[in-house]
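*Asks:* A single structure is presented below for examination.
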Amino acid sequence: MEVFTDEYFMAKALELALQAYDEGEVPIGALVVHENKIIGKGYNQTERLQDVTAHAEMLAVTAASNAVNGKYLDQCTLYVTIEPCLMCAGAIQWARLGKVVWGASEPKFGFSRLDAQLLGKTETVGGIMADQCGDVMKRFFKSRRK
């Protein structure tokens with residue numbers, strides 16, 4: 001079985017973020033991986049769905065839960081281009097994800113600004129492809145301010 005790197009999966013999440021960007025959504029992409037297989041993916045769709053909870057992570061976790069036919073994802077890893085917010089961190093904790101890997105930090109809304117231990121036993125890794133992930137966000141918001 002081929003083993004993929006964190007960078008490989010983050011690049012796939014970044015593709016989802018670019019899809020969100022193209023649709024005028026805040027460009028965040030996420031996917032859930034189990035045994036090197038993507039079982040859930042999502043990108044921000046709060047505008048399209050008119051739903052403030054339609055964050056990339058929430059959609060990816062829901063898809064993964066449907067794929068495994070269960071609510072716990074303790075054997076899975078979530079890859080997300082930007083550090084999860086508090087709402088998504090709560091969902092990650094409830095789903096008992098084994099690991100969360102994010103690209104760029106989110107100093108304004110990221111969960112770790114308030115409580116780095118919020119995810120409990122979930123392993124966390126930040127900074128994977130941080131520059132690329134952060135640049136997409138910067139470009140998006142710069143284009144909105146013109």
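We name chains A, B, ... following the order of the structure tokens; residues begin at 1 in each chain, and ligands are numbered from 1 as shown.
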Region 84-99 of chain A: which residues within 8 Å, counting only C-alpha atoms, same-chain residues fewer than 2 positions away excluded, as a CSV table (one decimal) with N, CA, C and O atoms, in the first residue's frame?
*Replies:*
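Writing done, so here's part25.csv:
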```csv
chain,number,residue,atom,x,y,z
A,55,HIS,N,-18.9,25.2,7.2
A,55,HIS,CA,-17.4,25.3,7.1
A,55,HIS,C,-16.9,24.1,6.4
A,55,HIS,O,-17.5,23.0,6.5
A,57,GLU,N,-14.5,22.1,7.3
A,57,GLU,CA,-14.3,21.0,8.3
A,57,GLU,C,-15.6,20.3,8.6
A,57,GLU,O,-15.6,19.1,8.7
A,58,MET,N,-16.6,21.1,8.8
A,58,MET,CA,-17.9,20.5,9.2
A,58,MET,C,-18.4,19.6,8.1
A,58,MET,O,-18.9,18.5,8.3
A,61,VAL,N,-16.2,16.4,7.9
A,61,VAL,CA,-16.5,15.5,9.0
A,61,VAL,C,-17.8,14.7,8.7
A,61,VAL,O,-17.9,13.5,8.9
A,71,LYS,N,-20.3,7.9,14.0
A,71,LYS,CA,-20.0,9.3,14.4
A,71,LYS,C,-18.6,9.5,14.9
A,71,LYS,O,-18.1,10.6,15.0
A,72,TYR,N,-17.8,8.4,15.2
A,72,TYR,CA,-16.5,8.6,15.7
A,72,TYR,C,-15.5,8.3,14.6
A,72,TYR,O,-15.6,7.3,13.8
A,73,LEU,N,-14.5,9.2,14.5
A,73,LEU,CA,-13.5,9.2,13.5
A,73,LEU,C,-12.1,9.1,14.1
A,73,LEU,O,-11.1,9.7,13.6
A,74,ASP,N,-12.0,8.3,15.2
A,74,ASP,CA,-10.7,8.2,15.9
A,74,ASP,C,-9.5,7.6,15.1
A,74,ASP,O,-8.4,7.8,15.5
A,75,GLN,N,-9.8,6.9,14.1
A,75,GLN,CA,-8.7,6.4,13.2
A,75,GLN,C,-8.5,7.2,12.0
A,75,GLN,O,-7.8,6.8,11.1
A,76,CYS,N,-9.0,8.4,12.0
A,76,CYS,CA,-8.9,9.3,10.8
A,76,CYS,C,-8.1,10.6,11.1
A,76,CYS,O,-7.9,11.0,12.3
A,77,THR,N,-7.6,11.2,10.0
A,77,THR,CA,-6.9,12.5,10.1
A,77,THR,C,-7.7,13.5,9.3
A,77,THR,O,-8.1,13.2,8.1
A,78,LEU,N,-7.9,14.7,9.8
A,78,LEU,CA,-8.5,15.8,9.1
A,78,LEU,C,-7.4,16.7,8.7
A,78,LEU,O,-6.5,17.1,9.4
A,80,VAL,N,-6.8,20.4,6.9
A,80,VAL,CA,-7.6,21.6,6.6
A,80,VAL,C,-6.6,22.7,6.4
A,80,VAL,O,-5.5,22.8,7.0
A,82,ILE,N,-6.6,25.9,6.8
A,82,ILE,CA,-6.5,27.0,7.8
A,82,ILE,C,-6.9,26.4,9.1
A,82,ILE,O,-7.8,25.6,9.2
A,101,VAL,N,-4.5,18.1,11.0
A,101,VAL,CA,-3.3,18.8,10.3
A,101,VAL,C,-3.8,20.0,9.6
A,101,VAL,O,-4.7,19.9,8.8
A,102,TRP,N,-3.2,21.2,9.9
A,102,TRP,CA,-3.7,22.4,9.2
A,102,TRP,C,-2.5,23.1,8.6
A,102,TRP,O,-1.3,22.9,9.0
A,106,GLU,N,-4.6,30.7,12.2
A,106,GLU,CA,-5.6,31.7,12.1
A,106,GLU,C,-5.7,32.5,13.4
A,106,GLU,O,-6.4,32.1,14.3
A,109,PHE,N,-9.4,33.9,14.5
A,109,PHE,CA,-10.6,33.0,14.8
A,109,PHE,C,-10.1,31.5,15.1
A,109,PHE,O,-11.0,30.7,15.4
A,110,GLY,N,-8.9,31.2,15.0
A,110,GLY,CA,-8.4,29.9,15.3
A,110,GLY,C,-8.6,29.4,16.7
A,110,GLY,O,-8.5,30.2,17.6
A,111,PHE,N,-8.9,28.2,16.9
A,111,PHE,CA,-9.2,27.6,18.2
A,111,PHE,C,-8.0,27.8,19.2
A,111,PHE,O,-8.2,28.0,20.4
A,118,LEU,N,-8.0,22.4,23.5
A,118,LEU,CA,-9.4,22.2,23.2
A,118,LEU,C,-9.7,20.9,22.6
A,118,LEU,O,-10.7,20.3,22.8
A,119,LEU,N,-8.8,20.4,21.7
A,119,LEU,CA,-9.1,19.2,21.0
A,119,LEU,C,-8.8,17.9,21.8
A,119,LEU,O,-8.9,16.8,21.3
A,120,GLY,N,-8.4,18.1,23.1
A,120,GLY,CA,-8.2,17.0,24.0
A,120,GLY,C,-7.1,16.0,23.5
A,120,GLY,O,-6.0,16.4,23.3
A,121,LYS,N,-7.5,14.8,23.3
A,121,LYS,CA,-6.5,13.7,22.9
A,121,LYS,C,-6.1,13.7,21.4
A,121,LYS,O,-5.3,13.0,21.0
A,122,THR,N,-6.8,14.6,20.6
A,122,THR,CA,-6.5,14.6,19.2
A,122,THR,C,-5.1,15.2,19.0
A,122,THR,O,-4.8,16.3,19.5
A,123,GLU,N,-4.3,14.5,18.2
A,123,GLU,CA,-3.0,15.0,17.8
A,123,GLU,C,-3.2,16.1,16.9
A,123,GLU,O,-4.0,16.1,16.0
A,124,THR,N,-2.4,17.2,17.0
A,124,THR,CA,-2.4,18.3,16.1
A,124,THR,C,-1.1,18.6,15.5
A,124,THR,O,-0.1,18.5,16.2
A,125,VAL,N,-1.1,19.0,14.3
A,125,VAL,CA,0.1,19.5,13.6
A,125,VAL,C,-0.3,20.7,12.7
A,125,VAL,O,-1.2,20.6,11.9
```
*Asks:* Please identify all polymer residues within 8 Å of region 44-49 of chain A, counting only C-alpha atoms, omitting same-chain residues fewer than 3 positions from it, and present them as a list of chain:residue names.
*Replies:*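 Result of the neighbour search: A:Ala17, A:Ala20, A:Glu25, A:Val26, A:Pro27, A:Ile28, A:Gly29, A:Val52, A:Thr53, A:Ala54, A:His55, A:Ala56.
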*Asks:* Restrict the selected residues to C-alpha atoms and save them as an mmCIF file, in the first residue's frame.
*Replies:*
```
data_model
loop_
_atom_site.group_PDB
_atom_site.id
_atom_site.type_symbol
_atom_site.label_atom_id
_atom_site.label_comp_id
_atom_site.auth_asym_id
_atom_site.auth_seq_id
_atom_site.Cartn_x
_atom_site.Cartn_y
_atom_site.Cartn_z
ATOM 1 C CA ALA A 17 -9.856 25.763 -1.068
ATOM 2 C CA ALA A 20 -14.193 27.709 -2.757
ATOM 3 C CA GLU A 25 -16.462 31.522 -0.696
ATOM 4 C CA VAL A 26 -13.774 32.041 1.936
ATOM 5 C CA PRO A 27 -11.105 29.694 0.534
ATOM 6 C CA ILE A 28 -10.756 26.911 3.050
ATOM 7 C CA GLY A 29 -10.641 23.250 2.065
ATOM 8 C CA VAL A 52 -22.990 29.794 8.942
ATOM 9 C CA THR A 53 -22.080 26.234 9.954
ATOM 10 C CA ALA A 54 -21.172 25.135 6.408
ATOM 11 C CA HIS A 55 -17.441 25.324 7.072
ATOM 12 C CA ALA A 56 -15.054 23.063 5.179
#
```
*Asks:* Which residue, A:Thr81, A:Tyr43, A:Gly126, A:Ser112, has the smallest gap to Phe9 (chain A) when you use only C-alpha atoms?
*Replies:*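 Residue with the minimum atom-to-atom distance to Phe9 (chain A): A:Thr81.
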*Asks:* So how far away is CA of Tyr8 (chain A) from CA of Arg144 (chain A), in Å?
*Replies:*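 Here the two named atoms are 29.4 Å from each other.
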*Asks:* Suppose you want the space between CA of Ala11 (chain A) and CA of Lys142 (chain A); what is it in Å?
*Replies:* 22.3 Å
*Asks:* Between CA of Glu7 (chain A) and CA of Met129 (chain A), what is the spacing in Å?
*Replies:*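 Between these atoms lies a distance of 6.8 Å.
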*Asks:* Give me the residues near Ala64 (chain A) as a list in words, where near means some atom within 6 Å (using only C-alpha atoms) and where sequence neighbours in that chain fewer than 2 positions away do not count.
*Replies:*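 These residues fall inside the cut-off: Ile39, Gly40, Val61, Thr62, Asn66 and Ala67 of chain A.
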*Asks:* Give me a file of those residues, with N, CA and C atoms, as a PDB file, in the first residue's frame.
*Replies:*
```pdb
ATOM      1  N   ILE A  39     -11.955   9.893   2.672  1.00  0.00           N
ATOM      2  CA  ILE A  39     -13.323   9.407   2.900  1.00  0.00           C
ATOM      3  C   ILE A  39     -14.328  10.538   3.097  1.00  0.00           C
ATOM      4  N   GLY A  40     -13.827  11.762   3.158  1.00  0.00           N
ATOM      5  CA  GLY A  40     -14.709  12.916   3.298  1.00  0.00           C
ATOM      6  C   GLY A  40     -13.977  14.163   2.864  1.00  0.00           C
ATOM      7  N   VAL A  61     -16.188  16.386   7.861  1.00  0.00           N
ATOM      8  CA  VAL A  61     -16.470  15.454   8.963  1.00  0.00           C
ATOM      9  C   VAL A  61     -17.809  14.747   8.743  1.00  0.00           C
ATOM     10  N   THR A  62     -18.817  15.472   8.302  1.00  0.00           N
ATOM     11  CA  THR A  62     -20.117  14.864   8.020  1.00  0.00           C
ATOM     12  C   THR A  62     -19.998  13.804   6.926  1.00  0.00           C
ATOM     13  N   ASN A  66     -20.555   9.712   7.352  1.00  0.00           N
ATOM     14  CA  ASN A  66     -21.439   8.939   6.469  1.00  0.00           C
ATOM     15  C   ASN A  66     -20.688   7.783   5.817  1.00  0.00           C
ATOM     16  N   ALA A  67     -19.425   8.011   5.447  1.00  0.00           N
ATOM     17  CA  ALA A  67     -18.630   6.973   4.787  1.00  0.00           C
ATOM     18  C   ALA A  67     -18.354   5.783   5.707  1.00  0.00           C
TER      19      ALA A  67
END
```
*Asks:* I'd like to know which residues of region 4-138 of chain A are alpha helix (DSSP H) (by DSSP, run on the backbone); could you write them as a VMD selection string?
*Replies:* chain A and resid 6 to 22 46 to 49 56 to 68 86 to 95 130 to 138
*Asks:* Using only C-alpha atoms, which residue out of A:Val3, A:Leu59, A:Met10, A:Ala30 lies closest to Gly127 (chain A)?
*Replies:* A:Met10
*Asks:* What's the 9 Å shell around Val136 (chain A), counting only C-alpha atoms, without same-chain residues fewer than 4 positions away, as a VMD selection string?
*Replies:* chain A and resid 14 17 to 18 21 27 to 28 131 to 132 140 to 141
*Asks:* Could you please take those selected residues and save N, CA and C atoms as a PDB file, in the first residue's frame?
*Replies:*
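part.pdb, written as the output of this step:
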```pdb
ATOM      1  N   LEU A  14      -5.913  21.976  -0.457  1.00  0.00           N
ATOM      2  CA  LEU A  14      -5.718  23.280  -1.090  1.00  0.00           C
ATOM      3  C   LEU A  14      -6.492  23.374  -2.411  1.00  0.00           C
ATOM      4  N   ALA A  17      -9.832  24.347  -1.434  1.00  0.00           N
ATOM      5  CA  ALA A  17      -9.856  25.763  -1.068  1.00  0.00           C
ATOM      6  C   ALA A  17      -9.934  26.635  -2.318  1.00  0.00           C
ATOM      7  N   LEU A  18      -9.224  26.253  -3.355  1.00  0.00           N
ATOM      8  CA  LEU A  18      -9.265  27.016  -4.606  1.00  0.00           C
ATOM      9  C   LEU A  18     -10.639  26.918  -5.268  1.00  0.00           C
ATOM     10  N   TYR A  21     -12.632  29.422  -3.467  1.00  0.00           N
ATOM     11  CA  TYR A  21     -12.216  30.742  -3.953  1.00  0.00           C
ATOM     12  C   TYR A  21     -12.935  31.078  -5.255  1.00  0.00           C
ATOM     13  N   PRO A  27     -11.802  30.863   1.086  1.00  0.00           N
ATOM     14  CA  PRO A  27     -11.105  29.694   0.534  1.00  0.00           C
ATOM     15  C   PRO A  27     -10.440  28.787   1.566  1.00  0.00           C
ATOM     16  N   ILE A  28     -11.257  27.928   2.127  1.00  0.00           N
ATOM     17  CA  ILE A  28     -10.756  26.911   3.050  1.00  0.00           C
ATOM     18  C   ILE A  28     -11.236  25.566   2.545  1.00  0.00           C
ATOM     19  N   ASP A 131       2.553  28.630   3.915  1.00  0.00           N
ATOM     20  CA  ASP A 131       2.665  29.777   3.013  1.00  0.00           C
ATOM     21  C   ASP A 131       1.648  29.696   1.883  1.00  0.00           C
ATOM     22  N   GLN A 132       1.530  28.536   1.252  1.00  0.00           N
ATOM     23  CA  GLN A 132       0.583  28.377   0.147  1.00  0.00           C
ATOM     24  C   GLN A 132      -0.857  28.557   0.625  1.00  0.00           C
ATOM     25  N   PHE A 140      -7.618  36.254  -1.544  1.00  0.00           N
ATOM     26  CA  PHE A 140      -9.082  36.336  -1.520  1.00  0.00           C
ATOM     27  C   PHE A 140      -9.528  37.642  -0.858  1.00  0.00           C
ATOM     28  N   PHE A 141      -9.031  37.910   0.333  1.00  0.00           N
ATOM     29  CA  PHE A 141      -9.470  39.100   1.053  1.00  0.00           C
ATOM     30  C   PHE A 141      -8.958  40.383   0.420  1.00  0.00           C
TER      31      PHE A 141
END
```
